[in-house]
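What follows is a set of notes on a single structure, which appears directly below.
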Amino acid sequence: MKYNRILLKLSGEALAGDKNGGVCNDVLNQICDEVKNLHLMGVEVALVVGGGNIHRGVAGATKGMDRTTSDHMGMLATVINSLALQDCLERKEISTRVMSAIEMAEIAEPYIRRRAVRHLEKKRVIIFAAGTGNPYFTTDTAAALRANEIDADVIMKATKVDGIYDKDPMIHGDAVKFDELKYIDVLNKGIKVMDSAAISLCMDNEIEIIVFNMFEKGNVQKAVIGDQIGTTVKN
């Protein structure tokens, strides 16, 4: 395998499927089946999931809500999604731990880096909840931070399209897909694949990012073994 320890970044909106919000059980099961396949391959898997299907901090702030309060609500939304993923994975007999950046001992472990690494070494799937624990930072930044802390080989960002395009392929039929990009090009061109803080953190520490369509069966396994899937962002 090309990658032995990965961090898989999921958006909250992806969990909603075709619904306007909440968690779609069919999508949840599809994602967890892919994670289970990775686990059976021996890959060490950590997950970061957004909360946009329940609450987006930035969206709340634009409607007059205090930004810090709105971001805290968004962090709690990620905990709800993390618990849904944990429940689904454990029903598939995959040992899973939710580790929260905000302490809530009754439902999740506190995030401790050494403990997280030990869970991975014991082949447990980890779900990092509550972002970084700080307002003004997205779950993309949390994914980049946690990937660096656990020494992940790659960040795999699951989307509904098969990579990065020069413009929205859902709107423009002539959109051109990139097989490979440099971090600096993503920043200079303002490509909205991850926020600039996350891209900069990955660039500084040379962690590759693969943007791919997770909802095409088998894509994530192909990416792990080194097949050309989606778009790779690297130095």
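Residues in the structure tokens are named by chain (A, B, ... in the order shown) and by number from 1 within that chain; ligands are numbered from 1 in the order shown.
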Range 122-201 of chain A near range 93-117 of chain A within 6 Å: what's each residue's closest atom pair and its distance in Å to one decimal, counting only C-alpha atoms, ordered by chain then ascending residue number, as a Markdown table?
```
| residue | atom | partner | partner_atom | distance |
| --- | --- | --- | --- | --- |
| A:Arg124 | CA | A:Ser95 | CA | 5.2 |
| A:Val125 | CA | A:Thr96 | CA | 4.7 |
| A:Ile126 | CA | A:Arg97 | CA | 5.0 |
| A:Ile127 | CA | A:Val98 | CA | 4.7 |
| A:Phe128 | CA | A:Met99 | CA | 5.1 |
| A:Ala129 | CA | A:Ser100 | CA | 4.6 |
| A:Ala130 | CA | A:Ala101 | CA | 5.4 |
| A:Thr132 | CA | A:Ala101 | CA | 5.9 |
| A:Gly133 | CA | A:Ala101 | CA | 4.8 |
| A:Ile150 | CA | A:Val117 | CA | 5.9 |
```
Give me, as JSON lines, each residue of range 111-144 of chain A that comes within 12 Å of range 204-223 of chain A, together with its shortest interatomic pair and the distance in Å at one decimal, counting only C-alpha atoms, with rows ordered by chain and rising residue number.
```
{"residue": "A:Asp140", "atom": "CA", "partner": "A:Ile209", "partner_atom": "CA", "distance": 11.2}
{"residue": "A:Ala143", "atom": "CA", "partner": "A:Ile209", "partner_atom": "CA", "distance": 10.7}
{"residue": "A:Ala144", "atom": "CA", "partner": "A:Ile207", "partner_atom": "CA", "distance": 8.4}
```
Do a neighbour search on range 174-182 of chain A at 12 Å with only C-alpha atoms, toss out local chain neighbours closer than 5 positions, and write the hits as a PDB file with N, CA, C and O atoms, in the first residue's frame.
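This went into part.pdb:
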```
ATOM      1  N   VAL A 161     -17.593  15.185  -6.211  1.00  0.00           N
ATOM      2  CA  VAL A 161     -17.028  15.209  -7.562  1.00  0.00           C
ATOM      3  C   VAL A 161     -15.680  14.495  -7.543  1.00  0.00           C
ATOM      4  O   VAL A 161     -15.112  14.253  -6.486  1.00  0.00           O
ATOM      5  N   ASP A 162     -15.177  14.157  -8.720  1.00  0.00           N
ATOM      6  CA  ASP A 162     -14.011  13.268  -8.803  1.00  0.00           C
ATOM      7  C   ASP A 162     -12.678  14.016  -8.860  1.00  0.00           C
ATOM      8  O   ASP A 162     -11.744  13.584  -9.527  1.00  0.00           O
ATOM      9  N   GLY A 163     -12.587  15.141  -8.155  1.00  0.00           N
ATOM     10  CA  GLY A 163     -11.328  15.868  -8.102  1.00  0.00           C
ATOM     11  C   GLY A 163     -11.542  17.367  -8.109  1.00  0.00           C
ATOM     12  O   GLY A 163     -12.638  17.872  -7.862  1.00  0.00           O
ATOM     13  N   ILE A 164     -10.444  18.096  -8.403  1.00  0.00           N
ATOM     14  CA  ILE A 164     -10.475  19.556  -8.445  1.00  0.00           C
ATOM     15  C   ILE A 164     -10.549  20.006  -9.902  1.00  0.00           C
ATOM     16  O   ILE A 164      -9.800  19.527 -10.748  1.00  0.00           O
ATOM     17  N   TYR A 165     -11.454  20.945 -10.171  1.00  0.00           N
ATOM     18  CA  TYR A 165     -11.635  21.495 -11.516  1.00  0.00           C
ATOM     19  C   TYR A 165     -11.322  22.986 -11.523  1.00  0.00           C
ATOM     20  O   TYR A 165     -11.309  23.632 -10.467  1.00  0.00           O
ATOM     21  N   ASP A 166     -11.102  23.533 -12.711  1.00  0.00           N
ATOM     22  CA  ASP A 166     -10.820  24.962 -12.813  1.00  0.00           C
ATOM     23  C   ASP A 166     -12.066  25.806 -12.565  1.00  0.00           C
ATOM     24  O   ASP A 166     -11.980  26.999 -12.283  1.00  0.00           O
ATOM     25  N   LYS A 167     -13.238  25.173 -12.669  1.00  0.00           N
ATOM     26  CA  LYS A 167     -14.503  25.819 -12.312  1.00  0.00           C
ATOM     27  C   LYS A 167     -15.511  24.730 -11.961  1.00  0.00           C
ATOM     28  O   LYS A 167     -15.239  23.548 -12.176  1.00  0.00           O
ATOM     29  N   ASP A 168     -16.628  25.118 -11.434  1.00  0.00           N
ATOM     30  CA  ASP A 168     -17.604  24.153 -10.921  1.00  0.00           C
ATOM     31  C   ASP A 168     -18.113  23.236 -12.040  1.00  0.00           C
ATOM     32  O   ASP A 168     -18.816  23.688 -12.956  1.00  0.00           O
ATOM     33  N   PRO A 169     -17.790  21.919 -11.975  1.00  0.00           N
ATOM     34  CA  PRO A 169     -18.227  21.003 -13.043  1.00  0.00           C
ATOM     35  C   PRO A 169     -19.733  20.748 -13.026  1.00  0.00           C
ATOM     36  O   PRO A 169     -20.292  20.266 -14.020  1.00  0.00           O
ATOM     37  N   LEU A 187      -3.416  28.003  -3.521  1.00  0.00           N
ATOM     38  CA  LEU A 187      -3.526  29.275  -2.792  1.00  0.00           C
ATOM     39  C   LEU A 187      -3.604  30.457  -3.757  1.00  0.00           C
ATOM     40  O   LEU A 187      -4.466  31.340  -3.606  1.00  0.00           O
ATOM     41  N   ASN A 188      -2.726  30.469  -4.760  1.00  0.00           N
ATOM     42  CA  ASN A 188      -2.675  31.609  -5.685  1.00  0.00           C
ATOM     43  C   ASN A 188      -3.924  31.724  -6.542  1.00  0.00           C
ATOM     44  O   ASN A 188      -4.379  32.828  -6.856  1.00  0.00           O
ATOM     45  N   LYS A 189      -4.484  30.552  -6.935  1.00  0.00           N
ATOM     46  CA  LYS A 189      -5.672  30.563  -7.794  1.00  0.00           C
ATOM     47  C   LYS A 189      -6.968  30.665  -6.995  1.00  0.00           C
ATOM     48  O   LYS A 189      -8.049  30.767  -7.577  1.00  0.00           O
ATOM     49  N   ILE A 191      -8.464  28.380  -5.256  1.00  0.00           N
ATOM     50  CA  ILE A 191      -9.312  27.196  -5.459  1.00  0.00           C
ATOM     51  C   ILE A 191      -9.904  26.775  -4.120  1.00  0.00           C
ATOM     52  O   ILE A 191      -9.184  26.554  -3.148  1.00  0.00           O
ATOM     53  N   VAL A 193     -10.916  24.272  -2.353  1.00  0.00           N
ATOM     54  CA  VAL A 193     -10.972  22.854  -2.013  1.00  0.00           C
ATOM     55  C   VAL A 193     -10.866  22.671  -0.504  1.00  0.00           C
ATOM     56  O   VAL A 193     -11.541  21.846   0.084  1.00  0.00           O
ATOM     57  N   ILE A 199      -4.471  24.454   3.819  1.00  0.00           N
ATOM     58  CA  ILE A 199      -3.522  24.244   2.726  1.00  0.00           C
ATOM     59  C   ILE A 199      -2.118  24.649   3.158  1.00  0.00           C
ATOM     60  O   ILE A 199      -1.135  23.938   2.908  1.00  0.00           O
ATOM     61  N   SER A 200      -1.999  25.777   3.830  1.00  0.00           N
ATOM     62  CA  SER A 200      -0.682  26.260   4.277  1.00  0.00           C
ATOM     63  C   SER A 200      -0.056  25.295   5.272  1.00  0.00           C
ATOM     64  O   SER A 200       1.152  25.037   5.225  1.00  0.00           O
ATOM     65  N   CYS A 202      -0.569  22.059   5.493  1.00  0.00           N
ATOM     66  CA  CYS A 202      -0.125  20.873   4.752  1.00  0.00           C
ATOM     67  C   CYS A 202       1.121  21.172   3.931  1.00  0.00           C
ATOM     68  O   CYS A 202       2.031  20.338   3.834  1.00  0.00           O
ATOM     69  N   MET A 203       1.187  22.365   3.345  1.00  0.00           N
ATOM     70  CA  MET A 203       2.350  22.755   2.549  1.00  0.00           C
ATOM     71  C   MET A 203       3.606  22.821   3.419  1.00  0.00           C
ATOM     72  O   MET A 203       4.665  22.316   3.037  1.00  0.00           O
ATOM     73  N   GLU A 206       4.412  19.189   4.322  1.00  0.00           N
ATOM     74  CA  GLU A 206       4.478  18.267   3.186  1.00  0.00           C
ATOM     75  C   GLU A 206       3.576  17.047   3.349  1.00  0.00           C
ATOM     76  O   GLU A 206       3.989  15.909   3.125  1.00  0.00           O
ATOM     77  N   ILE A 207       2.327  17.295   3.754  1.00  0.00           N
ATOM     78  CA  ILE A 207       1.320  16.226   3.781  1.00  0.00           C
ATOM     79  C   ILE A 207       0.467  16.331   2.516  1.00  0.00           C
ATOM     80  O   ILE A 207      -0.150  17.364   2.263  1.00  0.00           O
ATOM     81  N   GLU A 208       0.463  15.264   1.730  1.00  0.00           N
ATOM     82  CA  GLU A 208      -0.324  15.261   0.504  1.00  0.00           C
ATOM     83  C   GLU A 208      -1.820  15.296   0.807  1.00  0.00           C
ATOM     84  O   GLU A 208      -2.275  14.785   1.832  1.00  0.00           O
ATOM     85  N   ILE A 209      -2.554  15.894  -0.120  1.00  0.00           N
ATOM     86  CA  ILE A 209      -4.018  15.916  -0.046  1.00  0.00           C
ATOM     87  C   ILE A 209      -4.545  15.272  -1.319  1.00  0.00           C
ATOM     88  O   ILE A 209      -4.116  15.631  -2.423  1.00  0.00           O
ATOM     89  N   ILE A 210      -5.447  14.318  -1.166  1.00  0.00           N
ATOM     90  CA  ILE A 210      -6.115  13.725  -2.330  1.00  0.00           C
ATOM     91  C   ILE A 210      -7.599  14.088  -2.251  1.00  0.00           C
ATOM     92  O   ILE A 210      -8.271  13.803  -1.249  1.00  0.00           O
ATOM     93  N   VAL A 211      -8.075  14.746  -3.281  1.00  0.00           N
ATOM     94  CA  VAL A 211      -9.491  15.123  -3.362  1.00  0.00           C
ATOM     95  C   VAL A 211     -10.153  14.173  -4.347  1.00  0.00           C
ATOM     96  O   VAL A 211      -9.730  14.074  -5.509  1.00  0.00           O
ATOM     97  N   PHE A 212     -11.158  13.459  -3.897  1.00  0.00           N
ATOM     98  CA  PHE A 212     -11.740  12.407  -4.736  1.00  0.00           C
ATOM     99  C   PHE A 212     -13.213  12.209  -4.410  1.00  0.00           C
ATOM    100  O   PHE A 212     -13.722  12.726  -3.417  1.00  0.00           O
ATOM    101  N   ASP A 227      -3.267   4.096  -6.895  1.00  0.00           N
ATOM    102  CA  ASP A 227      -3.856   4.373  -8.211  1.00  0.00           C
ATOM    103  C   ASP A 227      -4.165   5.867  -8.339  1.00  0.00           C
ATOM    104  O   ASP A 227      -4.422   6.540  -7.345  1.00  0.00           O
ATOM    105  N   GLN A 228      -4.163   6.374  -9.568  1.00  0.00           N
ATOM    106  CA  GLN A 228      -4.474   7.772  -9.809  1.00  0.00           C
ATOM    107  C   GLN A 228      -5.986   7.978  -9.687  1.00  0.00           C
ATOM    108  O   GLN A 228      -6.747   7.590 -10.561  1.00  0.00           O
ATOM    109  N   ILE A 229      -6.388   8.552  -8.557  1.00  0.00           N
ATOM    110  CA  ILE A 229      -7.797   8.826  -8.294  1.00  0.00           C
ATOM    111  C   ILE A 229      -7.924  10.296  -7.936  1.00  0.00           C
ATOM    112  O   ILE A 229      -7.160  10.808  -7.103  1.00  0.00           O
ATOM    113  N   GLY A 230      -8.874  10.994  -8.537  1.00  0.00           N
ATOM    114  CA  GLY A 230      -9.122  12.385  -8.169  1.00  0.00           C
ATOM    115  C   GLY A 230      -7.945  13.286  -8.481  1.00  0.00           C
ATOM    116  O   GLY A 230      -7.239  13.120  -9.477  1.00  0.00           O
ATOM    117  N   THR A 231      -7.716  14.248  -7.585  1.00  0.00           N
ATOM    118  CA  THR A 231      -6.633  15.234  -7.743  1.00  0.00           C
ATOM    119  C   THR A 231      -5.726  15.178  -6.520  1.00  0.00           C
ATOM    120  O   THR A 231      -6.211  15.181  -5.393  1.00  0.00           O
ATOM    121  N   THR A 232      -4.419  15.128  -6.756  1.00  0.00           N
ATOM    122  CA  THR A 232      -3.440  15.132  -5.670  1.00  0.00           C
ATOM    123  C   THR A 232      -2.835  16.524  -5.552  1.00  0.00           C
ATOM    124  O   THR A 232      -2.410  17.121  -6.546  1.00  0.00           O
ATOM    125  N   VAL A 233      -2.801  17.050  -4.326  1.00  0.00           N
ATOM    126  CA  VAL A 233      -2.179  18.345  -4.048  1.00  0.00           C
ATOM    127  C   VAL A 233      -0.919  18.079  -3.241  1.00  0.00           C
ATOM    128  O   VAL A 233      -0.970  17.445  -2.188  1.00  0.00           O
ATOM    129  N   LYS A 234       0.214  18.548  -3.747  1.00  0.00           N
ATOM    130  CA  LYS A 234       1.483  18.336  -3.056  1.00  0.00           C
ATOM    131  C   LYS A 234       2.490  19.377  -3.516  1.00  0.00           C
ATOM    132  O   LYS A 234       2.196  20.206  -4.402  1.00  0.00           O
ATOM    133  N   ASN A 235       3.692  19.366  -2.933  1.00  0.00           N
ATOM    134  CA  ASN A 235       4.734  20.321  -3.321  1.00  0.00           C
ATOM    135  C   ASN A 235       5.266  20.026  -4.717  1.00  0.00           C
ATOM    136  O   ASN A 235       5.293  18.903  -5.143  1.00  0.00           O
TER     137      ASN A 235
END
```
Q: May I have the residues within 6 Å of Leu47 in chain A as a count of residues only, using only C-alpha atoms and disregarding those fewer than 5 positions away in the same chain?
A: 4
I'd like a table as a tab-separated table: residues in range 102-164 of chain A with an atom no more than 9 Å from range 11-34 of chain A, each row giving the shortest atom pair and its distance in Å to one decimal, only C-alpha atoms counted, sorted by chain and rising residue number.
```
residue	atom	partner	partner_atom	distance
A:Thr139	CA	A:Ser11	CA	8.5
A:Lys157	CA	A:Ser11	CA	8.5
A:Ala158	CA	A:Ser11	CA	7.5
A:Thr159	CA	A:Ala14	CA	7.5
A:Lys160	CA	A:Ala14	CA	7.6
```
Q: Report the residues of range 56-226 of chain A whose backbone DSSP state falls under alpha helix (DSSP H), written as a PyMOL selection string.
A: chain A and resi 57-62+67-91+113-121+139-149+183-189+196-205+219-224
Store the residues picked out above, limited to C-alpha atoms, as a PDB file, in the first residue's frame.
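Final output, saved to again17.pdb:
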```pdb
ATOM      1  CA  GLY A  57     -20.647  28.606  11.993  1.00  0.00           C
ATOM      2  CA  VAL A  58     -19.973  31.057   9.156  1.00  0.00           C
ATOM      3  CA  ALA A  59     -23.580  30.879   7.930  1.00  0.00           C
ATOM      4  CA  GLY A  60     -24.861  31.600  11.437  1.00  0.00           C
ATOM      5  CA  ALA A  61     -22.532  34.584  11.764  1.00  0.00           C
ATOM      6  CA  THR A  62     -23.802  36.104   8.504  1.00  0.00           C
ATOM      7  CA  ARG A  67     -19.314  34.253  15.450  1.00  0.00           C
ATOM      8  CA  THR A  68     -17.801  32.532  18.485  1.00  0.00           C
ATOM      9  CA  THR A  69     -21.191  31.229  19.618  1.00  0.00           C
ATOM     10  CA  SER A  70     -22.035  30.100  16.092  1.00  0.00           C
ATOM     11  CA  ASP A  71     -18.719  28.267  15.739  1.00  0.00           C
ATOM     12  CA  HIS A  72     -19.224  26.528  19.084  1.00  0.00           C
ATOM     13  CA  MET A  73     -22.614  25.330  17.829  1.00  0.00           C
ATOM     14  CA  GLY A  74     -20.898  24.043  14.684  1.00  0.00           C
ATOM     15  CA  MET A  75     -18.363  22.133  16.800  1.00  0.00           C
ATOM     16  CA  LEU A  76     -21.179  20.453  18.712  1.00  0.00           C
ATOM     17  CA  ALA A  77     -22.784  19.525  15.383  1.00  0.00           C
ATOM     18  CA  THR A  78     -19.596  17.656  14.442  1.00  0.00           C
ATOM     19  CA  VAL A  79     -19.898  15.660  17.672  1.00  0.00           C
ATOM     20  CA  ILE A  80     -23.402  14.532  16.661  1.00  0.00           C
ATOM     21  CA  ASN A  81     -22.099  13.393  13.264  1.00  0.00           C
ATOM     22  CA  SER A  82     -19.112  11.669  14.893  1.00  0.00           C
ATOM     23  CA  LEU A  83     -21.383   9.672  17.198  1.00  0.00           C
ATOM     24  CA  ALA A  84     -23.504   8.632  14.194  1.00  0.00           C
ATOM     25  CA  LEU A  85     -20.366   7.382  12.414  1.00  0.00           C
ATOM     26  CA  GLN A  86     -19.163   5.578  15.531  1.00  0.00           C
ATOM     27  CA  ASP A  87     -22.471   3.798  15.991  1.00  0.00           C
ATOM     28  CA  CYS A  88     -22.582   2.704  12.354  1.00  0.00           C
ATOM     29  CA  LEU A  89     -18.968   1.451  12.379  1.00  0.00           C
ATOM     30  CA  GLU A  90     -19.405  -0.485  15.602  1.00  0.00           C
ATOM     31  CA  ARG A  91     -22.531  -2.150  14.202  1.00  0.00           C
ATOM     32  CA  ARG A 113      -2.241  12.998  20.841  1.00  0.00           C
ATOM     33  CA  ARG A 114      -0.336  10.047  22.313  1.00  0.00           C
ATOM     34  CA  ARG A 115      -3.568   8.236  23.101  1.00  0.00           C
ATOM     35  CA  ALA A 116      -4.826   8.833  19.570  1.00  0.00           C
ATOM     36  CA  VAL A 117      -1.657   7.348  18.082  1.00  0.00           C
ATOM     37  CA  ARG A 118      -1.958   4.351  20.402  1.00  0.00           C
ATOM     38  CA  HIS A 119      -5.544   3.743  19.259  1.00  0.00           C
ATOM     39  CA  LEU A 120      -4.356   3.737  15.649  1.00  0.00           C
ATOM     40  CA  GLU A 121      -1.551   1.307  16.465  1.00  0.00           C
ATOM     41  CA  THR A 139     -12.899  21.378  10.190  1.00  0.00           C
ATOM     42  CA  ASP A 140     -10.552  21.495   7.177  1.00  0.00           C
ATOM     43  CA  THR A 141      -7.972  23.159   9.422  1.00  0.00           C
ATOM     44  CA  ALA A 142      -8.749  20.596  12.135  1.00  0.00           C
ATOM     45  CA  ALA A 143      -8.103  17.811   9.616  1.00  0.00           C
ATOM     46  CA  ALA A 144      -4.741  19.317   8.627  1.00  0.00           C
ATOM     47  CA  LEU A 145      -3.766  19.817  12.280  1.00  0.00           C
ATOM     48  CA  ARG A 146      -4.714  16.297  13.378  1.00  0.00           C
ATOM     49  CA  ALA A 147      -3.063  14.742  10.325  1.00  0.00           C
ATOM     50  CA  ASN A 148       0.191  16.436  11.294  1.00  0.00           C
ATOM     51  CA  GLU A 149      -0.144  15.458  14.945  1.00  0.00           C
ATOM     52  CA  TYR A 183      -0.149  23.798  -2.795  1.00  0.00           C
ATOM     53  CA  ILE A 184       1.003  27.230  -3.901  1.00  0.00           C
ATOM     54  CA  ASP A 185      -1.165  27.017  -7.040  1.00  0.00           C
ATOM     55  CA  VAL A 186      -4.230  26.210  -4.934  1.00  0.00           C
ATOM     56  CA  LEU A 187      -3.526  29.275  -2.792  1.00  0.00           C
ATOM     57  CA  ASN A 188      -2.675  31.609  -5.685  1.00  0.00           C
ATOM     58  CA  LYS A 189      -5.672  30.563  -7.794  1.00  0.00           C
ATOM     59  CA  SER A 196      -6.060  28.594   3.086  1.00  0.00           C
ATOM     60  CA  ALA A 197      -4.996  27.838   6.678  1.00  0.00           C
ATOM     61  CA  ALA A 198      -5.384  24.087   6.056  1.00  0.00           C
ATOM     62  CA  ILE A 199      -3.522  24.244   2.726  1.00  0.00           C
ATOM     63  CA  SER A 200      -0.682  26.260   4.277  1.00  0.00           C
ATOM     64  CA  LEU A 201      -0.360  23.809   7.166  1.00  0.00           C
ATOM     65  CA  CYS A 202      -0.125  20.873   4.752  1.00  0.00           C
ATOM     66  CA  MET A 203       2.350  22.755   2.549  1.00  0.00           C
ATOM     67  CA  ASP A 204       4.638  23.576   5.486  1.00  0.00           C
ATOM     68  CA  ASN A 205       4.683  19.936   6.624  1.00  0.00           C
ATOM     69  CA  ASN A 219     -12.315   4.718  -4.973  1.00  0.00           C
ATOM     70  CA  VAL A 220     -10.804   5.084  -1.521  1.00  0.00           C
ATOM     71  CA  GLN A 221      -9.156   1.647  -1.692  1.00  0.00           C
ATOM     72  CA  LYS A 222      -7.694   2.507  -5.112  1.00  0.00           C
ATOM     73  CA  ALA A 223      -6.276   5.742  -3.720  1.00  0.00           C
ATOM     74  CA  VAL A 224      -4.680   3.928  -0.780  1.00  0.00           C
TER      75      VAL A 224
END
```
(Q) Between CA of His55 in chain A and CA of Ile6 in chain A, what is the distance in Å, rounded to a tenth? (A)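 CA of His55 in chain A sits 26.4 Å away from CA of Ile6 in chain A.
Note that CA of Tyr136 in chain A and CA of Val45 in chain A are 26.3 Å apart.
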Q: Extract the full set of strand (DSSP E or B) residues from range 85-201 of chain A according to DSSP on the backbone, and format it as a ChimeraX atom specification.
A: /A:96-100,109-110,125-129,154-159,164-165,177-178,180-182
Produce a file of the selected residues containing C-alpha atoms, as a compact mmCIF listing (two decimals), in the first residue's frame.
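Final file, out-v6.txt:
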```
# COMPACT_ATOMS: atom_id res chain seq x y z
CA THR A 96 -13.99 2.92 17.10
CA ARG A 97 -13.14 5.84 19.39
CA VAL A 98 -14.53 9.37 19.27
CA MET A 99 -12.00 11.91 20.56
CA SER A 100 -13.34 15.40 21.20
CA GLU A 109 -12.68 10.72 25.05
CA PRO A 110 -10.72 13.96 25.37
CA VAL A 125 -10.71 3.78 13.88
CA ILE A 126 -10.56 7.25 15.41
CA ILE A 127 -13.09 10.01 14.81
CA PHE A 128 -11.84 13.47 15.75
CA ALA A 129 -14.80 15.58 16.88
CA VAL A 154 -2.07 11.65 3.52
CA ILE A 155 -5.31 13.59 3.91
CA MET A 156 -8.11 12.20 1.77
CA LYS A 157 -10.89 14.71 1.26
CA ALA A 158 -14.12 13.03 0.21
CA THR A 159 -16.33 15.08 -2.10
CA ILE A 164 -10.48 19.56 -8.45
CA TYR A 165 -11.63 21.49 -11.52
CA LYS A 177 -10.02 18.54 -14.14
CA PHE A 178 -6.55 18.70 -12.61
CA GLU A 180 -2.14 17.13 -9.80
CA LEU A 181 -1.69 20.58 -8.27
CA LYS A 182 0.92 22.29 -6.13
```
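CA of His39 in chain A to CA of Met1 in chain A spans 12.7 Å [interatomic distance, one decimal].
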